[in-house]
Amino acid sequence: MNRAPTASRSQQKAQSLVEVCSVRVGKVLFGVPITHILEIVGAARPRPVPLAPAYVGGLVHYRGDVLTTVSLRQLLALPLKEGAQDILVLESKGGCFGLLVDSVGEVLTASAADYEPNPSILEERPRQLLAGAYKLKDGLLVMLDPERLEPMRLDATRHDSSPSGAGRAA
Amino acid sequence: MDDLTKEFLIESQEGLDRMERCLTELEQKPQDAALLAEIFRSVHTIKGTTGFLGFKRLEKLAHSGENLLGVLRDGKLAADAPMISALLELLDSLRTILKTIEAEETEGTGEDALLIGRLDLLREPARVAVAAGARSRANSPREAVAPSAAPAVAAASEAALLVPEPAALTPDPPVAAISAPAADASNGRAPATSSAAESTLRVDVALLNRMMNLVGELVLTRNQVLQATAADANMTLLSRRLDMVTADLREAVMKARMQPVSNVFSKVPRMVRDLSQSLGRRVRLQTEGQETELDKSLLEAIKDPITHAVRNALDHGIELPEVRHAAGKDPEGLLSLRAVQEGSHVIVEISDDGTGIAVEKVRSKAIERKLIAPERATQLSERELLQLIFLPGFSTAAEVTNVSGRGVGMDVVRTNVEKIGGKVEVDSRVGRGTTLRLRIPLTLAIIPALIVRSLNQSFALPQAALSELVHIPPEQAATAFEWIENAPLYRLRGQLLPLVFLDRLLMPEREWRLAGDRGNFIAVLDADGRRFGLVVDSLADPEEIVVKPLSAVLKDIGLYSGATVLGNAELALILDPGLIAVRAGISMHNEEESTRGGEEECGTEAARMDYLLVEAGGRHAAVPLGDVLRIEQMPLSRIEYFGPRPLLNFEGQLLPVEDAAGILAAGEGDPEAKIVVVVCREGNRQMGIAVSHVLDVAAGDSLFEAGSSRQTDGVTLLKQRVTGVINLGGVPPLPALEETAGEAQLVAEEVG
């Protein structure tokens, strides 16, 4: 994927551009604004925490600290993946946490003009986690809101409804 | 907030802390010029700095305080109680404003006119009083006669005298005039404090925490490097150096986090003063060991418990002066704070010489509140009864505190101290006073822990809570665990120990599965007065672990107190024994504690003692447990000989090794041979006893010779067998003390 598709559009050069880190979970391409990302940790094997809420993907060792991770697969009700996964270390008000994804892709530049908010038909759970999408040439880049993925926040908004937003977004 | 303001806030806080200390001291020694100068400087510095930072309210207040202090310092007026009260009030107001500045970057809108008026009023009589009083100073009469001329006479650096009018009338003193004397003042004290100022540096605690984390990281990396390079001879030297440097660095960083307990103790004098005034007590405060150091975070954590304990001592402990007088005591009560380091712990004692706690009342209250069954209450020793005041629920009702003399929120004290891995106990004698003892680990960041495994994961158990380990071999698993309905129990030395299976606790839906191929281990834990056994699959080596905090979501699970990275780079969760006990429903006053108490009681007729049961050369023998310092297993080659006497170089000291059963000789010639040495103490001496195995710890009964009531010496009834007690006094000292290298004699003999 090259950086050009949105940026080169002649319409309004000054139009606000957003840099988004793309991550893949299952078949879907998700995006996280790079301003929230502290670091990307590759091929990590989180240590499970017995009795933790299901969305907790385990603990990883990160720069002398023990980082709680959130499993995006679990949140999206996808089958859990065995073996190493990539981690986005995200900064939020409540401190740092890790987001477990299948793999981290490149940084894309998206134009605000291509943004669409969450569709109204989206179910409750995915609606809480997702923050609209950018229309890219070859598909949708579904945005994640790091603030809403924060473990404490997830704890407060936990629901048992099975989300299916991932399939629709593809 | 800009750096200048931040710096100002920190400095002022410190200045005020110093001032508080000095003020309470000043009350005892109203004439102490050094104290007055110190207080004056604190206020003066605040005033000087506020001038150019533009904090008007603060400046006015400080200014009027400084005026009063100037008069005091010049000896024109003596510091009496109302004056000190007013100055303390000034201190509090200054603090409040500083806090507001810190939070909102403005001074807030409080009204200080009243306090300023009071301070000025206190200063007023100065001119009148001094004329009559003509204090010690030679030049004071002159100043008193011509007060308006005084400023010119006095040193120009005294801002207080430059502006003798009430502060309220000088809304905006010129900045230059203020800052110049400020500079003078700092120059003036430079000789005294410069050395400390130049060799110390203010460091943000967050930065220290970060350094601690990074050092932990480095330790981990080092461990991995050591493992990876173990085979490579070329790297050995390098990795050994890395190892050493890392260890030193870790120690240095830990040291940087240490602070003297005086940081907490210094708050007490003021509190004692205020409380004793409002309660009508007369109290003398005595502190000891102020320089003892403790990790910063721990110091923060014991602040509240200490405050609580001091308040209790004054409120319920120390009696009113009349009462004390009537009881033949010094009308002035004594409150003493003491800190001392003992090994890896710091002991903080808060003791008073007040009424003490009436044990009988504690007993009846505990029964009344249904905290303990009546039959058990009668079995408990006085000491055990006293500890009941820490039970939650004991202190909730007001009348309890009146009756017991103590107890307001003692459970809170205990909870706070135990949260940081400490212990708290109380000693009291009616009419003589009460001592509260807090036992605090030196540092929170690194704790010794036993690594256990369950569910194929590693968990860390803090050693502080661990009392012993029991191995259940696979063939015994079926019989070793006993059940009452579905409650698993283990018979530990004849007493039933409630069990918690860690795997079942962590995965409640899991099938019962007893004993792997290597059996199970029971870690016997003592947590918050709850005693239980935690069953795990296997044990790994104990490690000094670096505690890392967990995110709130995981803390809320209510089982883990943190996480850590093990030497093999594996992450381990740290189990909290107290929380496990609560979750598993282990009760606070369990059978074992009380029956044990009961045994002690009835055992008094035939004095029972705990013995270490050992096997030496096929015979059982006993060593009084109180005399045992350590049990060491070591290669036989570590034993050296001086003439015929076997010796052991033990931690830099020479121990004679007693080998009555010829174990050392039996192992000779086998390079792999290992022996067990029980290190004992006898009076001031220490010695080692070579044994084949250590069998158990058991209570032994004294025996009486048939037909007489004479207690036999040297034998005891252990587990229904008559067992010889090793006579430590019979081990001959080393030749340095006594020329004859006495032949080893058999002192341990099984009689029955």
# chains A, B, ... in the order shown; residues from 1 in each chain; ligands from 1
>>> closest_atom_pairs(of="chain A", to="chain B", cutoff="10 Å", atoms="only C-alpha atoms", output="CSV")
residue,atom,partner,partner_atom,distance
A:Pro46,CA,B:Leu571,CA,8.8
A:Arg47,CA,B:Leu571,CA,6.6
A:Pro48,CA,B:Gln457,CA,8.7
A:Val49,CA,B:Leu573,CA,7.9
A:Pro50,CA,B:Leu506,CA,5.5
A:Leu51,CA,B:Leu506,CA,6.1
A:Ala52,CA,B:Leu554,CA,6.3
A:Pro53,CA,B:Val553,CA,8.0
A:Val56,CA,B:Leu554,CA,8.8
A:Gly58,CA,B:Leu554,CA,9.8
A:Leu59,CA,B:Leu571,CA,7.6
A:Val60,CA,B:Leu571,CA,7.5
A:His61,CA,B:Leu571,CA,7.3
A:Tyr62,CA,B:Glu217,CA,9.2
A:Arg63,CA,B:Glu217,CA,7.0
A:Gly64,CA,B:Glu217,CA,4.9
A:Asp65,CA,B:Lys548,CA,6.4
A:Val66,CA,B:Lys548,CA,6.3
A:Leu67,CA,B:Ser551,CA,7.6
A:Thr68,CA,B:Ser551,CA,6.5
A:Thr69,CA,B:Ser551,CA,9.8
A:Gly94,CA,B:Ser551,CA,8.9
A:Gly95,CA,B:Ser551,CA,8.4
A:Cys96,CA,B:Ser551,CA,9.0
A:Phe97,CA,B:Ser551,CA,8.6
A:Glu150,CA,B:Val553,CA,9.9
A:Pro151,CA,B:Val553,CA,6.4
A:Met152,CA,B:Val553,CA,5.8
A:Arg153,CA,B:Val553,CA,9.4
A:Leu154,CA,B:Val553,CA,9.3
A:Asp155,CA,B:Val553,CA,7.3
>>> write_last_selection(atoms="C-alpha atoms", output="PDB file, in the first residue's frame")
ATOM      1  CA  PRO A  46       1.793 -12.574  26.776  1.00  0.00           C
ATOM      2  CA  ARG A  47       1.574 -14.426  30.053  1.00  0.00           C
ATOM      3  CA  PRO A  48      -2.037 -15.308  30.831  1.00  0.00           C
ATOM      4  CA  VAL A  49      -3.597 -14.030  34.038  1.00  0.00           C
ATOM      5  CA  PRO A  50      -5.976 -16.517  35.661  1.00  0.00           C
ATOM      6  CA  LEU A  51      -9.343 -15.062  36.630  1.00  0.00           C
ATOM      7  CA  ALA A  52      -8.744 -11.858  34.676  1.00  0.00           C
ATOM      8  CA  PRO A  53     -11.581 -10.428  32.580  1.00  0.00           C
ATOM      9  CA  VAL A  56      -7.272  -9.187  29.019  1.00  0.00           C
ATOM     10  CA  GLY A  58      -2.202 -11.295  29.416  1.00  0.00           C
ATOM     11  CA  LEU A  59       0.907  -9.558  30.695  1.00  0.00           C
ATOM     12  CA  VAL A  60       4.024  -8.637  28.803  1.00  0.00           C
ATOM     13  CA  HIS A  61       7.315  -7.294  29.964  1.00  0.00           C
ATOM     14  CA  TYR A  62       7.834  -3.841  28.543  1.00  0.00           C
ATOM     15  CA  ARG A  63      10.763  -1.624  29.417  1.00  0.00           C
ATOM     16  CA  GLY A  64      11.033  -2.666  33.010  1.00  0.00           C
ATOM     17  CA  ASP A  65       7.300  -2.545  33.559  1.00  0.00           C
ATOM     18  CA  VAL A  66       4.627  -5.155  33.411  1.00  0.00           C
ATOM     19  CA  LEU A  67       2.081  -4.180  30.834  1.00  0.00           C
ATOM     20  CA  THR A  68      -1.526  -5.362  30.736  1.00  0.00           C
ATOM     21  CA  THR A  69      -2.636  -6.207  27.227  1.00  0.00           C
ATOM     22  CA  GLY A  94      -5.161   5.611  32.824  1.00  0.00           C
ATOM     23  CA  GLY A  95      -1.581   4.722  31.903  1.00  0.00           C
ATOM     24  CA  CYS A  96      -0.065   2.512  29.231  1.00  0.00           C
ATOM     25  CA  PHE A  97      -1.518  -0.711  27.979  1.00  0.00           C
ATOM     26  CA  GLU A 150      -8.336   1.124  27.872  1.00  0.00           C
ATOM     27  CA  PRO A 151      -8.720  -1.875  30.245  1.00  0.00           C
ATOM     28  CA  MET A 152     -10.512   0.070  32.991  1.00  0.00           C
ATOM     29  CA  ARG A 153     -12.895   1.526  30.460  1.00  0.00           C
ATOM     30  CA  LEU A 154     -13.598  -1.888  28.972  1.00  0.00           C
ATOM     31  CA  ASP A 155     -14.285  -3.151  32.444  1.00  0.00           C
TER      32      ASP A 155
END
>>> residues_around(residues="stretch 17-33 of chain B", least_positions_apart="2", cutoff="10 Å", atoms="only C-alpha atoms", output="VMD selection string")
chain B and resid 11 to 15 35 to 43 72 to 75 77 to 81 83 to 85 87 to 88 91 to 92 95 263 265 to 274
>>> select_by_dssp(residues="stretch 472-531 of chain B", states="alpha helix (DSSP H)", output="NGL selection string")
:B and (477-480 or 502-506)
>>> residues_around(residues="A:Leu100", least_positions_apart="4", cutoff="8 Å", atoms="only C-alpha atoms", output="list in words")
Gly57, Thr69, Val70, Ser71, Leu72, Arg73, Gln85, Asp86, Ile87 and Leu88 of chain A
>>> write_last_selection(atoms="N, CA and C atoms", output="PDB file, in the first residue's frame")
ATOM      1  N   GLY A  57      -5.553  -9.859  27.489  1.00  0.00           N
ATOM      2  CA  GLY A  57      -4.788 -10.824  26.713  1.00  0.00           C
ATOM      3  C   GLY A  57      -3.584 -11.351  27.462  1.00  0.00           C
ATOM      4  N   THR A  69      -2.251  -6.317  28.628  1.00  0.00           N
ATOM      5  CA  THR A  69      -2.636  -6.207  27.227  1.00  0.00           C
ATOM      6  C   THR A  69      -4.119  -6.514  27.063  1.00  0.00           C
ATOM      7  N   VAL A  70      -4.692  -5.945  26.009  1.00  0.00           N
ATOM      8  CA  VAL A  70      -6.085  -6.172  25.667  1.00  0.00           C
ATOM      9  C   VAL A  70      -6.083  -6.942  24.353  1.00  0.00           C
ATOM     10  N   SER A  71      -6.848  -8.008  24.322  1.00  0.00           N
ATOM     11  CA  SER A  71      -6.872  -8.831  23.117  1.00  0.00           C
ATOM     12  C   SER A  71      -7.965  -8.330  22.182  1.00  0.00           C
ATOM     13  N   LEU A  72      -7.560  -7.818  21.034  1.00  0.00           N
ATOM     14  CA  LEU A  72      -8.542  -7.305  20.086  1.00  0.00           C
ATOM     15  C   LEU A  72      -9.395  -8.444  19.540  1.00  0.00           C
ATOM     16  N   ARG A  73      -8.768  -9.580  19.357  1.00  0.00           N
ATOM     17  CA  ARG A  73      -9.519 -10.748  18.879  1.00  0.00           C
ATOM     18  C   ARG A  73     -10.648 -11.088  19.848  1.00  0.00           C
ATOM     19  N   GLN A  85       2.188 -12.770  18.998  1.00  0.00           N
ATOM     20  CA  GLN A  85       1.377 -11.727  18.387  1.00  0.00           C
ATOM     21  C   GLN A  85       2.122 -10.409  18.505  1.00  0.00           C
ATOM     22  N   ASP A  86       1.714  -9.439  17.685  1.00  0.00           N
ATOM     23  CA  ASP A  86       2.319  -8.115  17.811  1.00  0.00           C
ATOM     24  C   ASP A  86       1.530  -7.290  18.830  1.00  0.00           C
ATOM     25  N   ILE A  87       2.228  -6.362  19.433  1.00  0.00           N
ATOM     26  CA  ILE A  87       1.571  -5.528  20.438  1.00  0.00           C
ATOM     27  C   ILE A  87       1.796  -4.057  20.127  1.00  0.00           C
ATOM     28  N   LEU A  88       0.709  -3.302  20.145  1.00  0.00           N
ATOM     29  CA  LEU A  88       0.834  -1.842  20.075  1.00  0.00           C
ATOM     30  C   LEU A  88       0.814  -1.344  21.521  1.00  0.00           C
TER      31      LEU A  88
END
>>> closest_residue(among="A:Asp145, A:Lys135, A:Val101, A:Arg24", to="A:Gln74", atoms="only C-alpha atoms")
A:Val101
>>> closest_residue(among="B:Ile663, B:Ile46, B:Leu16, B:Ala527", to="B:Lys419", atoms="only C-alpha atoms")
B:Ala527
>>> select_by_dssp(residues="stretch 27-151 of chain A", states="strand (DSSP E or B)", output="PyMOL selection string")
chain A and resi 28-33+37-44+47+56-62+65-71+85-92+95-101+103-111+115-116+130-136+139-144
>>> atom_distance(atom1="atom CA of B:Asp526", atom2="atom CA of B:Ala465")
5.1 Å
>>> residues_around(residues="A:Ala131", least_positions_apart="5", cutoff="8 Å", atoms="only C-alpha atoms", output="short mmCIF file (atom, residue, chain, number, x, y, z; two decimals) with all heavy atoms, in the first residue's frame")
data_model
loop_
_atom_site.label_atom_id
_atom_site.label_comp_id
_atom_site.auth_asym_id
_atom_site.auth_seq_id
_atom_site.Cartn_x
_atom_site.Cartn_y
_atom_site.Cartn_z
N PRO A 117 -18.36 8.26 9.93
CA PRO A 117 -18.58 7.76 11.30
C PRO A 117 -19.14 6.34 11.28
O PRO A 117 -19.47 5.81 10.22
CB PRO A 117 -19.58 8.75 11.88
CG PRO A 117 -20.25 9.36 10.70
CD PRO A 117 -19.28 9.33 9.57
N ASN A 118 -19.28 5.78 12.47
CA ASN A 118 -19.84 4.42 12.58
C ASN A 118 -21.22 4.38 11.93
O ASN A 118 -22.03 5.28 12.15
CB ASN A 118 -20.00 4.03 14.05
CG ASN A 118 -18.68 3.61 14.66
OD1 ASN A 118 -17.75 3.27 13.94
ND2 ASN A 118 -18.60 3.66 15.98
N VAL A 142 -10.75 0.54 9.37
CA VAL A 142 -11.66 0.73 10.50
C VAL A 142 -10.89 1.29 11.68
O VAL A 142 -9.91 0.69 12.13
CB VAL A 142 -12.32 -0.61 10.88
CG1 VAL A 142 -13.33 -0.40 12.00
CG2 VAL A 142 -12.99 -1.23 9.66
N MET A 143 -11.32 2.43 12.16
CA MET A 143 -10.54 3.12 13.20
C MET A 143 -10.89 2.59 14.60
O MET A 143 -12.05 2.33 14.92
CB MET A 143 -10.82 4.62 13.16
CG MET A 143 -10.29 5.29 11.92
SD MET A 143 -8.50 5.04 11.74
CE MET A 143 -7.90 6.02 13.10
N LEU A 144 -9.85 2.48 15.39
CA LEU A 144 -10.03 2.10 16.80
C LEU A 144 -9.76 3.32 17.65
O LEU A 144 -8.89 4.13 17.33
CB LEU A 144 -9.02 1.00 17.18
CG LEU A 144 -9.18 -0.33 16.46
CD1 LEU A 144 -7.96 -1.20 16.71
CD2 LEU A 144 -10.44 -1.03 16.94
N ASP A 145 -10.52 3.46 18.71
CA ASP A 145 -10.30 4.58 19.61
C ASP A 145 -9.55 4.08 20.84
O ASP A 145 -10.11 3.39 21.68
CB ASP A 145 -11.66 5.16 20.02
CG ASP A 145 -11.50 6.35 20.94
OD1 ASP A 145 -10.35 6.61 21.39
OD2 ASP A 145 -12.50 7.02 21.22
#
>>> residues_around(residues="stretch 679-691 of chain B", least_positions_apart="2", cutoff="8 Å", atoms="only C-alpha atoms", output="number ranges by chain")
B: 614-617, 627-632, 648, 655-661, 663-664, 675-677, 693-694, 728-729
>>> residues_around(residues="stretch 318-332 of chain B", least_positions_apart="2", cutoff="6 Å", atoms="only C-alpha atoms", output="list of chain:residue names")
B:Arg281, B:Arg282, B:Val283, B:Leu314, B:Gly354
>>> residues_around(residues="A:Leu140", least_positions_apart="5", cutoff="10 Å", atoms="only C-alpha atoms", output="PyMOL selection string")
chain A and resi 28-31+114-115+132-135+169-170
